[in-house]
Amino acid sequence: MVGNAGYHIGKGAFSGEGCREGGVFATVAVGALSGAARAEDVGKVFSLGEVAVTTSAPTLDAQGGSTVTQDDLKEFNRDTLDRAINLVPGASTSAVGARNESNIWIRGFDRWRVPLTIDGIPIYLPYDNRLDFNRFTTSDIGEIQVTKGFTSVIDGPGALGGSVNLVSRQVTKPFEGDARLGSSFDQNGAFNGVVTDIFTGSKQDKWYVQASGTENYRNHWRLSDDYTPTRYENGGNRNMSYSQDYKINLKVGFTPSALDEYSLNFINQMGDKETPPPSTATATASKYWTWPDWDKQSVYWLSKTALDDIGSYVKVKAYYDRYYNVLKIWDNANYNTMASKGSEVSTYDDRGAGGSIEYSQMFLGGQDNLRTAFHYRWDDHNAQDKGNLIKAGSWITKPWTEDSENTYSAAIENIFHPARAWDLTTGVSYDYRQMLKAEDWNAPSSGNSLVHVTYPLSDKRAVNPEAALAYHFDSTGVAHVSVSDRTRFPTLFEMFSSRFGLATGNAYLQPEKSFNVETGVAKSFGQTRLGANIFHSRLRDAIESVQVTSSVSQNRNVGAEVHRGFELEASSQILQELEVGANYSYLLRQIQSYATLATETPKHKIFGYVNWQPIDKLSVVPSIEIGGKRWLQSTANTSYYYRGGDSALVDLKVSYKLTDNLEIEGGAKNLFDTNYVVEDGYNGYGRSYFTNIRVKF
């Protein structure tokens, strides 16, 4: 299982210490998987796609981050990124019900403040960056790297509260492959979905090629039997809860030596989802939306060229993205007419391109490592709306509009090892965002003609310093402390979106800045592993939606927001056949300078599990997620807030290996059919069952 204070919670405990190998000072990760298990994981990870891990730099874990391995994803049956991230201490998820999206939070920082990358390539939606983490499947992922608080400036701009990097799997044999066929059922036993995935490839002496594919289909999900029906949701099968996602991931690489690698990659995601209406809203507040297209394609180049035999290198990344999205806004709960004002079809056809170059030079025989990086990204948002935009029955099509911007970041970082057990990291970056174009077509307050609007442009700049110190006080223990100051530029959506007439723009919205302080320690005692982190973040010029009239809001920099708390972790291999582990997170968020509440994150969060192997080849894994109360905002009256209830969700997975190459699995999610609320008007999933057949070939 994953961990953060310098280790993974998992099958046993393996660790290391600062050492000198071949003239290079290296920091060996303090882990928690057994040596054999960890070595197997390393072989599955696409090393070019990792971040914050080099032969001379402090590892991700030694700076307070977390790693979710592929084995973790399988062990707890976490098929999508939002469910996988809940394994990480300090992380939680929430729902954006009106859009049928999942949002992630790292120590109280949401998707706008925690950038997502795949193999180190930014995944960014040019207009609003409203990523839906439920759309990202995990079967092709070798590991998930999570930074919290401290994030290296070398990795690029943003990252107020951390970052998430999805590292692809990598083929390791002349021929290998595996496949899964999974089915799911609701609590009444009715079939409601299928998950299929396949991975295959070939690793030769100086090249490799691989391919993977995933389908995740769900025709409905069912509410808990304890759910109380309302006027807008009668219980049972959740209204409009269908979704379907496909993904392919292709890679071809050239490895002329053990230190050099060059790789061309392609990822194509295609999604289609419905949106359940809120169960508590008034008829006028309900949103009847569907998303027939949620598609994203990425092609990217990664390379690493060694400059000497002690760790100096040059890394180059280049990418091109396309995001195509269609939203249909209906005017009734039957989703069959678009006759009233406000009904429309909204299309995004966005582009993004960019790259980075990173140069790392070793000095003093590897005792000092100087790294520099330059990042560039161009984002181009193209939108078109058509529908009853001015009045009912007046179907019109807006001309296409365009918003575009450039983002630059230059960074320098030095990692010095004053002694074998010490890692001292200092760095700074300069970020610059250049606005190129911002336009829209607005409906007038009177008359029948659309009005073309060109918004004022304002560029933004920021300086981001960092410092971190890690001390490996013995072969199984590490302590760390870090400080950093990071900046996030507001999105085009935050500055200019009218939100279908419910908001007014703010072209001069200022960047948010966050000052993060963290300290932590981890230590093994035989087969038992313990760890703790304490953190404090102060967010300045926090962007929040403020009501300016009874019906119109505006994004403003409302002042300071404080996030503070701690994380505790423990795991132990009590017996050869019995492992237990748990983590606890405490988070206090407070907006200090404005009369509003920080919503959607629980004050307390617990994850615990048992892995019991009563006989050879049989594994029984019960786990529990406990979420404390969180502040929620009313769907019908946005000025009203209330405390959501606690939740305790128990999952169970049982697996049996029929042969070394054939495994069957079965289990349940929300085993006790707990009824809980994740957002006002949106109750969570009831009990469901799943089966999997896994084959290796």
# chains A, B, ... in the order shown; residues from 1 in each chain; ligands from 1
>>> select_by_dssp(residues="segment 126-339 of chain A", states="strand (DSSP E)", output="JSON list (two decimals) with N, CA and C atoms, in the first residue's frame")
[["chain", "number", "residue", "atom", "x", "y", "z"],
["A", 141, "ILE", "N", -1.18, 2.12, -16.13],
["A", 141, "ILE", "CA", -0.32, 2.93, -15.27],
["A", 141, "ILE", "C", 0.62, 2.03, -14.47],
["A", 142, "GLY", "N", 1.93, 2.34, -14.53],
["A", 142, "GLY", "CA", 2.91, 1.60, -13.73],
["A", 142, "GLY", "C", 2.94, 2.07, -12.30],
["A", 143, "GLU", "N", 2.82, 3.40, -12.09],
["A", 143, "GLU", "CA", 2.72, 3.95, -10.75],
["A", 143, "GLU", "C", 2.16, 5.36, -10.84],
["A", 144, "ILE", "N", 1.61, 5.83, -9.74],
["A", 144, "ILE", "CA", 1.12, 7.20, -9.61],
["A", 144, "ILE", "C", 2.02, 7.91, -8.62],
["A", 145, "GLN", "N", 2.69, 8.97, -9.07],
["A", 145, "GLN", "CA", 3.57, 9.75, -8.20],
["A", 145, "GLN", "C", 2.81, 10.99, -7.73],
["A", 146, "VAL", "N", 2.77, 11.19, -6.43],
["A", 146, "VAL", "CA", 2.05, 12.31, -5.83],
["A", 146, "VAL", "C", 3.03, 13.12, -4.98],
["A", 147, "THR", "N", 3.20, 14.40, -5.33],
["A", 147, "THR", "CA", 3.92, 15.30, -4.44],
["A", 147, "THR", "C", 2.90, 16.08, -3.62],
["A", 148, "LYS", "N", 3.30, 16.45, -2.41],
["A", 148, "LYS", "CA", 2.40, 17.17, -1.49],
["A", 148, "LYS", "C", 3.19, 18.30, -0.84],
["A", 162, "GLY", "N", 0.84, 20.66, -4.66],
["A", 162, "GLY", "CA", 1.37, 19.35, -5.00],
["A", 162, "GLY", "C", 1.15, 19.06, -6.47],
["A", 163, "SER", "N", 1.35, 17.80, -6.86],
["A", 163, "SER", "CA", 1.17, 17.40, -8.25],
["A", 163, "SER", "C", 0.89, 15.91, -8.30],
["A", 164, "VAL", "N", 0.33, 15.47, -9.44],
["A", 164, "VAL", "CA", 0.06, 14.06, -9.67],
["A", 164, "VAL", "C", 0.63, 13.70, -11.04],
["A", 165, "ASN", "N", 1.49, 12.68, -11.06],
["A", 165, "ASN", "CA", 2.09, 12.22, -12.32],
["A", 165, "ASN", "C", 1.75, 10.76, -12.52],
["A", 166, "LEU", "N", 1.11, 10.45, -13.65],
["A", 166, "LEU", "CA", 0.78, 9.07, -14.01],
["A", 166, "LEU", "C", 1.91, 8.52, -14.87],
["A", 167, "VAL", "N", 2.61, 7.53, -14.36],
["A", 167, "VAL", "CA", 3.73, 6.94, -15.08],
["A", 167, "VAL", "C", 3.25, 5.66, -15.76],
["A", 168, "SER", "N", 3.46, 5.59, -17.06],
["A", 168, "SER", "CA", 2.99, 4.43, -17.82],
["A", 168, "SER", "C", 3.72, 3.15, -17.41],
["A", 176, "GLU", "N", 5.72, -10.04, -23.81],
["A", 176, "GLU", "CA", 4.90, -10.18, -22.62],
["A", 176, "GLU", "C", 3.54, -9.54, -22.86],
["A", 177, "GLY", "N", 2.60, -9.94, -22.05],
["A", 177, "GLY", "CA", 1.27, -9.36, -22.15],
["A", 177, "GLY", "C", 0.38, -9.87, -21.04],
["A", 178, "ASP", "N", -0.68, -9.14, -20.81],
["A", 178, "ASP", "CA", -1.69, -9.57, -19.87],
["A", 178, "ASP", "C", -3.02, -8.93, -20.27],
["A", 179, "ALA", "N", -4.09, -9.53, -19.81],
["A", 179, "ALA", "CA", -5.43, -9.03, -20.14],
["A", 179, "ALA", "C", -6.35, -9.29, -18.97],
["A", 180, "ARG", "N", -7.41, -8.49, -18.93],
["A", 180, "ARG", "CA", -8.43, -8.66, -17.88],
["A", 180, "ARG", "C", -9.80, -8.49, -18.49],
["A", 181, "LEU", "N", -10.73, -9.29, -18.04],
["A", 181, "LEU", "CA", -12.14, -9.12, -18.34],
["A", 181, "LEU", "C", -12.88, -9.02, -17.02],
["A", 182, "GLY", "N", -13.51, -7.86, -16.78],
["A", 182, "GLY", "CA", -14.21, -7.64, -15.52],
["A", 182, "GLY", "C", -15.66, -7.26, -15.74],
["A", 183, "SER", "N", -16.51, -7.67, -14.82],
["A", 183, "SER", "CA", -17.93, -7.31, -14.87],
["A", 183, "SER", "C", -18.35, -6.76, -13.52],
["A", 184, "SER", "N", -19.37, -5.91, -13.52],
["A", 184, "SER", "CA", -19.88, -5.36, -12.27],
["A", 184, "SER", "C", -21.40, -5.50, -12.23],
["A", 185, "PHE", "N", -21.92, -5.54, -10.99],
["A", 185, "PHE", "CA", -23.34, -5.79, -10.76],
["A", 185, "PHE", "C", -23.80, -4.91, -9.61],
["A", 186, "ASP", "N", -25.05, -4.43, -9.66],
["A", 186, "ASP", "CA", -25.56, -3.64, -8.55],
["A", 186, "ASP", "C", -26.01, -4.55, -7.41],
["A", 191, "PHE", "N", -26.66, -6.76, -13.92],
["A", 191, "PHE", "CA", -25.43, -6.38, -14.60],
["A", 191, "PHE", "C", -25.46, -4.87, -14.87],
["A", 192, "ASN", "N", -24.35, -4.18, -14.56],
["A", 192, "ASN", "CA", -24.33, -2.74, -14.81],
["A", 192, "ASN", "C", -23.03, -2.22, -15.42],
["A", 193, "GLY", "N", -22.10, -3.12, -15.77],
["A", 193, "GLY", "CA", -20.91, -2.58, -16.41],
["A", 193, "GLY", "C", -19.86, -3.63, -16.69],
["A", 194, "VAL", "N", -18.86, -3.21, -17.46],
["A", 194, "VAL", "CA", -17.76, -4.09, -17.81],
["A", 194, "VAL", "C", -16.48, -3.26, -17.88],
["A", 195, "VAL", "N", -15.38, -3.88, -17.46],
["A", 195, "VAL", "CA", -14.05, -3.28, -17.60],
["A", 195, "VAL", "C", -13.18, -4.30, -18.31],
["A", 196, "THR", "N", -12.58, -3.91, -19.43],
["A", 196, "THR", "CA", -11.67, -4.79, -20.14],
["A", 196, "THR", "C", -10.38, -4.02, -20.41],
["A", 197, "ASP", "N", -9.26, -4.70, -20.31],
["A", 197, "ASP", "CA", -7.99, -4.06, -20.65],
["A", 197, "ASP", "C", -7.01, -5.10, -21.12],
["A", 198, "ILE", "N", -6.05, -4.67, -21.93],
["A", 198, "ILE", "CA", -5.01, -5.54, -22.46],
["A", 198, "ILE", "C", -3.72, -4.76, -22.57],
["A", 199, "PHE", "N", -2.60, -5.43, -22.28],
["A", 199, "PHE", "CA", -1.27, -4.83, -22.40],
["A", 199, "PHE", "C", -0.37, -5.85, -23.08],
["A", 200, "THR", "N", 0.39, -5.41, -24.07],
["A", 200, "THR", "CA", 1.31, -6.30, -24.75],
["A", 200, "THR", "C", 2.48, -5.50, -25.30],
["A", 201, "GLY", "N", 3.62, -6.17, -25.48],
["A", 201, "GLY", "CA", 4.77, -5.47, -26.02],
["A", 201, "GLY", "C", 5.99, -6.36, -26.11],
["A", 202, "SER", "N", 7.06, -5.77, -26.62],
["A", 202, "SER", "CA", 8.31, -6.49, -26.79],
["A", 202, "SER", "C", 9.48, -5.58, -26.44],
["A", 203, "LYS", "N", 10.41, -6.08, -25.61],
["A", 203, "LYS", "CA", 11.62, -5.35, -25.24],
["A", 203, "LYS", "C", 12.82, -6.10, -25.82],
["A", 207, "TRP", "N", 15.70, -1.59, -28.50],
["A", 207, "TRP", "CA", 14.42, -0.94, -28.81],
["A", 207, "TRP", "C", 13.29, -1.68, -28.10],
["A", 208, "TYR", "N", 12.16, -1.03, -28.02],
["A", 208, "TYR", "CA", 10.96, -1.65, -27.47],
["A", 208, "TYR", "C", 9.72, -1.07, -28.15],
["A", 209, "VAL", "N", 8.65, -1.83, -28.11],
["A", 209, "VAL", "CA", 7.38, -1.38, -28.63],
["A", 209, "VAL", "C", 6.29, -1.98, -27.74],
["A", 210, "GLN", "N", 5.25, -1.22, -27.47],
["A", 210, "GLN", "CA", 4.19, -1.72, -26.60],
["A", 210, "GLN", "C", 2.88, -1.02, -26.91],
["A", 211, "ALA", "N", 1.79, -1.67, -26.51],
["A", 211, "ALA", "CA", 0.46, -1.11, -26.71],
["A", 211, "ALA", "C", -0.45, -1.59, -25.59],
["A", 212, "SER", "N", -1.37, -0.72, -25.20],
["A", 212, "SER", "CA", -2.38, -1.10, -24.21],
["A", 212, "SER", "C", -3.71, -0.47, -24.59],
["A", 213, "GLY", "N", -4.79, -1.10, -24.16],
["A", 213, "GLY", "CA", -6.12, -0.58, -24.42],
["A", 213, "GLY", "C", -7.05, -0.88, -23.27],
["A", 214, "THR", "N", -8.02, -0.01, -23.05],
["A", 214, "THR", "CA", -8.96, -0.13, -21.94],
["A", 214, "THR", "C", -10.35, 0.29, -22.39],
["A", 215, "GLU", "N", -11.35, -0.45, -21.95],
["A", 215, "GLU", "CA", -12.75, -0.01, -22.05],
["A", 215, "GLU", "C", -13.37, -0.07, -20.66],
["A", 216, "ASN", "N", -14.03, 1.02, -20.26],
["A", 216, "ASN", "CA", -14.72, 1.07, -18.98],
["A", 216, "ASN", "C", -16.15, 1.51, -19.25],
["A", 217, "TYR", "N", -17.09, 0.57, -19.19],
["A", 217, "TYR", "CA", -18.49, 0.82, -19.55],
["A", 217, "TYR", "C", -19.39, 0.61, -18.34],
["A", 218, "ARG", "N", -20.34, 1.54, -18.15],
["A", 218, "ARG", "CA", -21.32, 1.41, -17.07],
["A", 218, "ARG", "C", -22.67, 1.87, -17.59],
["A", 243, "SER", "N", -22.12, 5.85, -18.45],
["A", 243, "SER", "CA", -20.85, 6.41, -18.94],
["A", 243, "SER", "C", -20.08, 5.32, -19.66],
["A", 244, "GLN", "N", -19.19, 5.75, -20.56],
["A", 244, "GLN", "CA", -18.35, 4.81, -21.29],
["A", 244, "GLN", "C", -17.05, 5.52, -21.68],
["A", 245, "ASP", "N", -15.93, 4.84, -21.44],
["A", 245, "ASP", "CA", -14.61, 5.40, -21.73],
["A", 245, "ASP", "C", -13.75, 4.36, -22.44],
["A", 246, "TYR", "N", -13.00, 4.85, -23.44],
["A", 246, "TYR", "CA", -12.01, 4.03, -24.12],
["A", 246, "TYR", "C", -10.66, 4.74, -24.03],
["A", 247, "LYS", "N", -9.58, 3.98, -23.99],
["A", 247, "LYS", "CA", -8.24, 4.57, -24.03],
["A", 247, "LYS", "C", -7.26, 3.60, -24.67],
["A", 248, "ILE", "N", -6.38, 4.14, -25.53],
["A", 248, "ILE", "CA", -5.26, 3.38, -26.05],
["A", 248, "ILE", "C", -3.99, 4.14, -25.73],
["A", 249, "ASN", "N", -2.92, 3.39, -25.45],
["A", 249, "ASN", "CA", -1.63, 3.97, -25.09],
["A", 249, "ASN", "C", -0.56, 3.21, -25.87],
["A", 250, "LEU", "N", 0.12, 3.91, -26.79],
["A", 250, "LEU", "CA", 1.11, 3.29, -27.66],
["A", 250, "LEU", "C", 2.48, 3.90, -27.42],
["A", 251, "LYS", "N", 3.52, 3.07, -27.42],
["A", 251, "LYS", "CA", 4.88, 3.55, -27.21],
["A", 251, "LYS", "C", 5.84, 2.78, -28.11],
["A", 252, "VAL", "N", 6.83, 3.51, -28.63],
["A", 252, "VAL", "CA", 7.96, 2.89, -29.31],
["A", 252, "VAL", "C", 9.21, 3.61, -28.84],
["A", 253, "GLY", "N", 10.27, 2.86, -28.52],
["A", 253, "GLY", "CA", 11.45, 3.48, -27.95],
["A", 253, "GLY", "C", 12.74, 2.91, -28.48],
["A", 254, "PHE", "N", 13.79, 3.69, -28.38],
["A", 254, "PHE", "CA", 15.13, 3.32, -28.79],
["A", 254, "PHE", "C", 16.06, 3.51, -27.61],
["A", 261, "GLU", "N", 17.88, 6.97, -23.72],
["A", 261, "GLU", "CA", 16.58, 6.45, -24.15],
["A", 261, "GLU", "C", 15.82, 7.53, -24.91],
["A", 262, "TYR", "N", 15.11, 7.11, -25.97],
["A", 262, "TYR", "CA", 14.33, 8.01, -26.81],
["A", 262, "TYR", "C", 13.00, 7.33, -27.11],
["A", 263, "SER", "N", 11.90, 8.05, -26.88],
["A", 263, "SER", "CA", 10.59, 7.40, -26.95],
["A", 263, "SER", "C", 9.55, 8.31, -27.59],
["A", 264, "LEU", "N", 8.74, 7.73, -28.50],
["A", 264, "LEU", "CA", 7.60, 8.41, -29.11],
["A", 264, "LEU", "C", 6.34, 7.76, -28.58],
["A", 265, "ASN", "N", 5.37, 8.59, -28.12],
["A", 265, "ASN", "CA", 4.21, 8.07, -27.39],
["A", 265, "ASN", "C", 2.92, 8.68, -27.93],
["A", 266, "PHE", "N", 1.84, 7.91, -27.85],
["A", 266, "PHE", "CA", 0.53, 8.38, -28.29],
["A", 266, "PHE", "C", -0.53, 7.85, -27.34],
["A", 267, "ILE", "N", -1.41, 8.73, -26.88],
["A", 267, "ILE", "CA", -2.53, 8.35, -26.01],
["A", 267, "ILE", "C", -3.81, 8.94, -26.59],
["A", 268, "ASN", "N", -4.83, 8.12, -26.70],
["A", 268, "ASN", "CA", -6.13, 8.58, -27.19],
["A", 268, "ASN", "C", -7.21, 8.15, -26.20],
["A", 269, "GLN", "N", -7.94, 9.12, -25.66],
["A", 269, "GLN", "CA", -9.05, 8.86, -24.76],
["A", 269, "GLN", "C", -10.35, 9.33, -25.41],
["A", 270, "MET", "N", -11.40, 8.53, -25.28],
["A", 270, "MET", "CA", -12.71, 8.89, -25.79],
["A", 270, "MET", "C", -13.76, 8.59, -24.73],
["A", 271, "GLY", "N", -14.53, 9.60, -24.36],
["A", 271, "GLY", "CA", -15.52, 9.43, -23.31],
["A", 271, "GLY", "C", -16.91, 9.88, -23.73],
["A", 272, "ASP", "N", -17.91, 9.32, -23.06],
["A", 272, "ASP", "CA", -19.31, 9.65, -23.30],
["A", 272, "ASP", "C", -20.03, 9.44, -21.98],
["A", 273, "LYS", "N", -20.69, 10.50, -21.46],
["A", 273, "LYS", "CA", -21.31, 10.35, -20.14],
["A", 273, "LYS", "C", -22.61, 11.14, -20.05],
["A", 274, "GLU", "N", -23.49, 10.64, -19.20],
["A", 274, "GLU", "CA", -24.69, 11.37, -18.81],
["A", 274, "GLU", "C", -24.42, 12.07, -17.49],
["A", 288, "TYR", "N", -29.93, 19.78, -16.72],
["A", 288, "TYR", "CA", -30.12, 18.55, -17.49],
["A", 288, "TYR", "C", -29.08, 18.52, -18.60],
["A", 289, "TRP", "N", -27.92, 17.96, -18.26],
["A", 289, "TRP", "CA", -26.77, 17.99, -19.16],
["A", 289, "TRP", "C", -26.35, 16.58, -19.57],
["A", 290, "THR", "N", -25.86, 16.46, -20.79],
["A", 290, "THR", "CA", -25.20, 15.23, -21.24],
["A", 290, "THR", "C", -23.93, 15.62, -21.99],
["A", 291, "TRP", "N", -22.98, 14.69, -22.03],
["A", 291, "TRP", "CA", -21.68, 14.91, -22.66],
["A", 291, "TRP", "C", -21.43, 13.79, -23.67],
["A", 292, "PRO", "N", -21.92, 13.93, -24.90],
["A", 292, "PRO", "CA", -21.71, 12.87, -25.90],
["A", 292, "PRO", "C", -20.25, 12.71, -26.31],
["A", 293, "ASP", "N", -19.43, 13.73, -26.06],
["A", 293, "ASP", "CA", -18.01, 13.64, -26.40],
["A", 293, "ASP", "C", -17.17, 14.25, -25.28],
["A", 294, "TRP", "N", -16.22, 13.47, -24.77],
["A", 294, "TRP", "CA", -15.18, 13.95, -23.85],
["A", 294, "TRP", "C", -13.90, 13.26, -24.30],
["A", 295, "ASP", "N", -13.25, 13.84, -25.33],
["A", 295, "ASP", "CA", -12.16, 13.16, -26.03],
["A", 295, "ASP", "C", -10.86, 13.94, -25.88],
["A", 296, "LYS", "N", -9.78, 13.21, -25.73],
["A", 296, "LYS", "CA", -8.46, 13.84, -25.60],
["A", 296, "LYS", "C", -7.41, 12.98, -26.27],
["A", 297, "GLN", "N", -6.58, 13.61, -27.11],
["A", 297, "GLN", "CA", -5.47, 12.93, -27.77],
["A", 297, "GLN", "C", -4.17, 13.64, -27.46],
["A", 298, "SER", "N", -3.12, 12.86, -27.23],
["A", 298, "SER", "CA", -1.79, 13.41, -26.95],
["A", 298, "SER", "C", -0.75, 12.61, -27.71],
["A", 299, "VAL", "N", 0.15, 13.32, -28.37],
["A", 299, "VAL", "CA", 1.34, 12.70, -28.94],
["A", 299, "VAL", "C", 2.54, 13.42, -28.33],
["A", 300, "TYR", "N", 3.53, 12.66, -27.84],
["A", 300, "TYR", "CA", 4.64, 13.31, -27.17],
["A", 300, "TYR", "C", 5.94, 12.53, -27.34],
["A", 301, "TRP", "N", 7.03, 13.29, -27.25],
["A", 301, "TRP", "CA", 8.37, 12.78, -27.39],
["A", 301, "TRP", "C", 9.10, 12.95, -26.06],
["A", 302, "LEU", "N", 9.78, 11.91, -25.62],
["A", 302, "LEU", "CA", 10.59, 11.96, -24.42],
["A", 302, "LEU", "C", 11.98, 11.42, -24.74],
["A", 303, "SER", "N", 13.01, 12.07, -24.23],
["A", 303, "SER", "CA", 14.36, 11.55, -24.44],
["A", 303, "SER", "C", 15.25, 11.90, -23.26],
["A", 304, "LYS", "N", 16.23, 11.05, -23.04],
["A", 304, "LYS", "CA", 17.26, 11.30, -22.03],
["A", 304, "LYS", "C", 18.60, 10.89, -22.62],
["A", 305, "THR", "N", 19.54, 11.84, -22.64],
["A", 305, "THR", "CA", 20.87, 11.60, -23.18],
["A", 305, "THR", "C", 21.90, 11.82, -22.09],
["A", 306, "ALA", "N", 22.68, 10.80, -21.77],
["A", 306, "ALA", "CA", 23.70, 10.90, -20.74],
["A", 306, "ALA", "C", 24.88, 11.72, -21.24],
["A", 313, "TYR", "N", 23.05, 14.64, -17.52],
["A", 313, "TYR", "CA", 22.19, 14.28, -18.64],
["A", 313, "TYR", "C", 21.49, 15.50, -19.20],
["A", 314, "VAL", "N", 20.83, 15.29, -20.35],
["A", 314, "VAL", "CA", 19.89, 16.24, -20.94],
["A", 314, "VAL", "C", 18.60, 15.49, -21.22],
["A", 315, "LYS", "N", 17.48, 16.03, -20.75],
["A", 315, "LYS", "CA", 16.16, 15.48, -21.05],
["A", 315, "LYS", "C", 15.39, 16.46, -21.93],
["A", 316, "VAL", "N", 14.70, 15.93, -22.93],
["A", 316, "VAL", "CA", 13.88, 16.75, -23.81],
["A", 316, "VAL", "C", 12.47, 16.17, -23.86],
["A", 317, "LYS", "N", 11.48, 17.04, -23.74],
["A", 317, "LYS", "CA", 10.08, 16.65, -23.87],
["A", 317, "LYS", "C", 9.40, 17.58, -24.88],
["A", 318, "ALA", "N", 8.55, 17.03, -25.71],
["A", 318, "ALA", "CA", 7.77, 17.83, -26.65],
["A", 318, "ALA", "C", 6.42, 17.14, -26.83],
["A", 319, "TYR", "N", 5.35, 17.93, -26.97],
["A", 319, "TYR", "CA", 4.02, 17.32, -27.03],
["A", 319, "TYR", "C", 3.04, 18.20, -27.81],
["A", 320, "TYR", "N", 1.98, 17.54, -28.27],
["A", 320, "TYR", "CA", 0.86, 18.22, -28.91],
["A", 320, "TYR", "C", -0.41, 17.55, -28.43],
["A", 321, "ASP", "N", -1.37, 18.35, -27.93],
["A", 321, "ASP", "CA", -2.62, 17.84, -27.39],
["A", 321, "ASP", "C", -3.81, 18.39, -28.17],
["A", 322, "ARG", "N", -4.86, 17.58, -28.22],
["A", 322, "ARG", "CA", -6.15, 18.07, -28.69],
["A", 322, "ARG", "C", -7.22, 17.59, -27.73],
["A", 323, "TYR", "N", -8.13, 18.51, -27.39],
["A", 323, "TYR", "CA", -9.25, 18.19, -26.50],
["A", 323, "TYR", "C", -10.54, 18.60, -27.21],
["A", 324, "TYR", "N", -11.42, 17.62, -27.42],
["A", 324, "TYR", "CA", -12.69, 17.88, -28.09],
["A", 324, "TYR", "C", -13.82, 17.48, -27.16],
["A", 325, "ASN", "N", -14.73, 18.42, -26.90],
["A", 325, "ASN", "CA", -15.76, 18.22, -25.89],
["A", 325, "ASN", "C", -17.07, 18.81, -26.37],
["A", 326, "VAL", "N", -18.15, 18.05, -26.21],
["A", 326, "VAL", "CA", -19.49, 18.54, -26.56],
["A", 326, "VAL", "C", -20.40, 18.39, -25.36],
["A", 327, "LEU", "N", -21.06, 19.49, -24.99],
["A", 327, "LEU", "CA", -22.04, 19.51, -23.91],
["A", 327, "LEU", "C", -23.40, 19.86, -24.48],
["A", 328, "LYS", "N", -24.40, 19.05, -24.14],
["A", 328, "LYS", "CA", -25.78, 19.33, -24.53],
["A", 328, "LYS", "C", -26.59, 19.71, -23.29],
["A", 329, "ILE", "N", -27.24, 20.87, -23.35],
["A", 329, "ILE", "CA", -28.05, 21.36, -22.24],
["A", 329, "ILE", "C", -29.51, 21.24, -22.64],
["A", 330, "TRP", "N", -30.24, 20.33, -21.99],
["A", 330, "TRP", "CA", -31.64, 20.07, -22.29],
["A", 330, "TRP", "C", -32.51, 20.91, -21.36]]
>>> residues_around(residues="segment 649-657 of chain A", least_positions_apart="2", cutoff="7 Å", atoms="only C-alpha atoms", output="ChimeraX atom specification")
/A:617-626,647,659-660,662-672,674
>>> residues_around(residues="Val114 of chain A", least_positions_apart="6", cutoff="12 Å", atoms="only C-alpha atoms", output="PyMOL selection string")
chain A and resi 91+103-108+122-124+129-131+146-151+156-165+486-488+514
>>> closest_residue(among="A:Trp395, A:Phe489, A:Trp221, A:Phe515", to="Gln187 of chain A", atoms="only C-alpha atoms")
A:Trp221
>>> atom_distance(atom1="atom CA of Pro456 of chain A", atom2="atom CA of Leu539 of chain A")
26.3 Å
>>> closest_atom_pairs(of="segment 336-384 of chain A", to="segment 412-427 of chain A", cutoff="12 Å", atoms="only C-alpha atoms", output="JSON lines")
{"residue": "A:Ile357", "atom": "CA", "partner": "A:Ile412", "partner_atom": "CA", "distance": 12.0}
{"residue": "A:Glu358", "atom": "CA", "partner": "A:Ile412", "partner_atom": "CA", "distance": 9.6}
{"residue": "A:Tyr359", "atom": "CA", "partner": "A:Ile412", "partner_atom": "CA", "distance": 9.5}
{"residue": "A:Ser360", "atom": "CA", "partner": "A:Glu413", "partner_atom": "CA", "distance": 9.4}
{"residue": "A:Gln361", "atom": "CA", "partner": "A:Asn414", "partner_atom": "CA", "distance": 9.7}
{"residue": "A:Met362", "atom": "CA", "partner": "A:Ile415", "partner_atom": "CA", "distance": 9.6}
{"residue": "A:Phe363", "atom": "CA", "partner": "A:Phe416", "partner_atom": "CA", "distance": 9.4}
{"residue": "A:Leu364", "atom": "CA", "partner": "A:Phe416", "partner_atom": "CA", "distance": 9.7}
{"residue": "A:Gly365", "atom": "CA", "partner": "A:His417", "partner_atom": "CA", "distance": 11.0}
{"residue": "A:Gly366", "atom": "CA", "partner": "A:His417", "partner_atom": "CA", "distance": 8.7}
{"residue": "A:Gln367", "atom": "CA", "partner": "A:His417", "partner_atom": "CA", "distance": 5.4}
{"residue": "A:Asp368", "atom": "CA", "partner": "A:Phe416", "partner_atom": "CA", "distance": 4.5}
{"residue": "A:Asn369", "atom": "CA", "partner": "A:Ile415", "partner_atom": "CA", "distance": 5.1}
{"residue": "A:Leu370", "atom": "CA", "partner": "A:Asn414", "partner_atom": "CA", "distance": 4.5}
{"residue": "A:Arg371", "atom": "CA", "partner": "A:Glu413", "partner_atom": "CA", "distance": 5.2}
{"residue": "A:Thr372", "atom": "CA", "partner": "A:Ile412", "partner_atom": "CA", "distance": 4.3}
{"residue": "A:Ala373", "atom": "CA", "partner": "A:Ile412", "partner_atom": "CA", "distance": 6.5}
{"residue": "A:Phe374", "atom": "CA", "partner": "A:Ile412", "partner_atom": "CA", "distance": 9.0}
{"residue": "A:His375", "atom": "CA", "partner": "A:Ile412", "partner_atom": "CA", "distance": 11.8}
>>> atom_distance(atom1="atom CA of Val678 of chain A", atom2="atom CA of Val96 of chain A")
8.9 Å
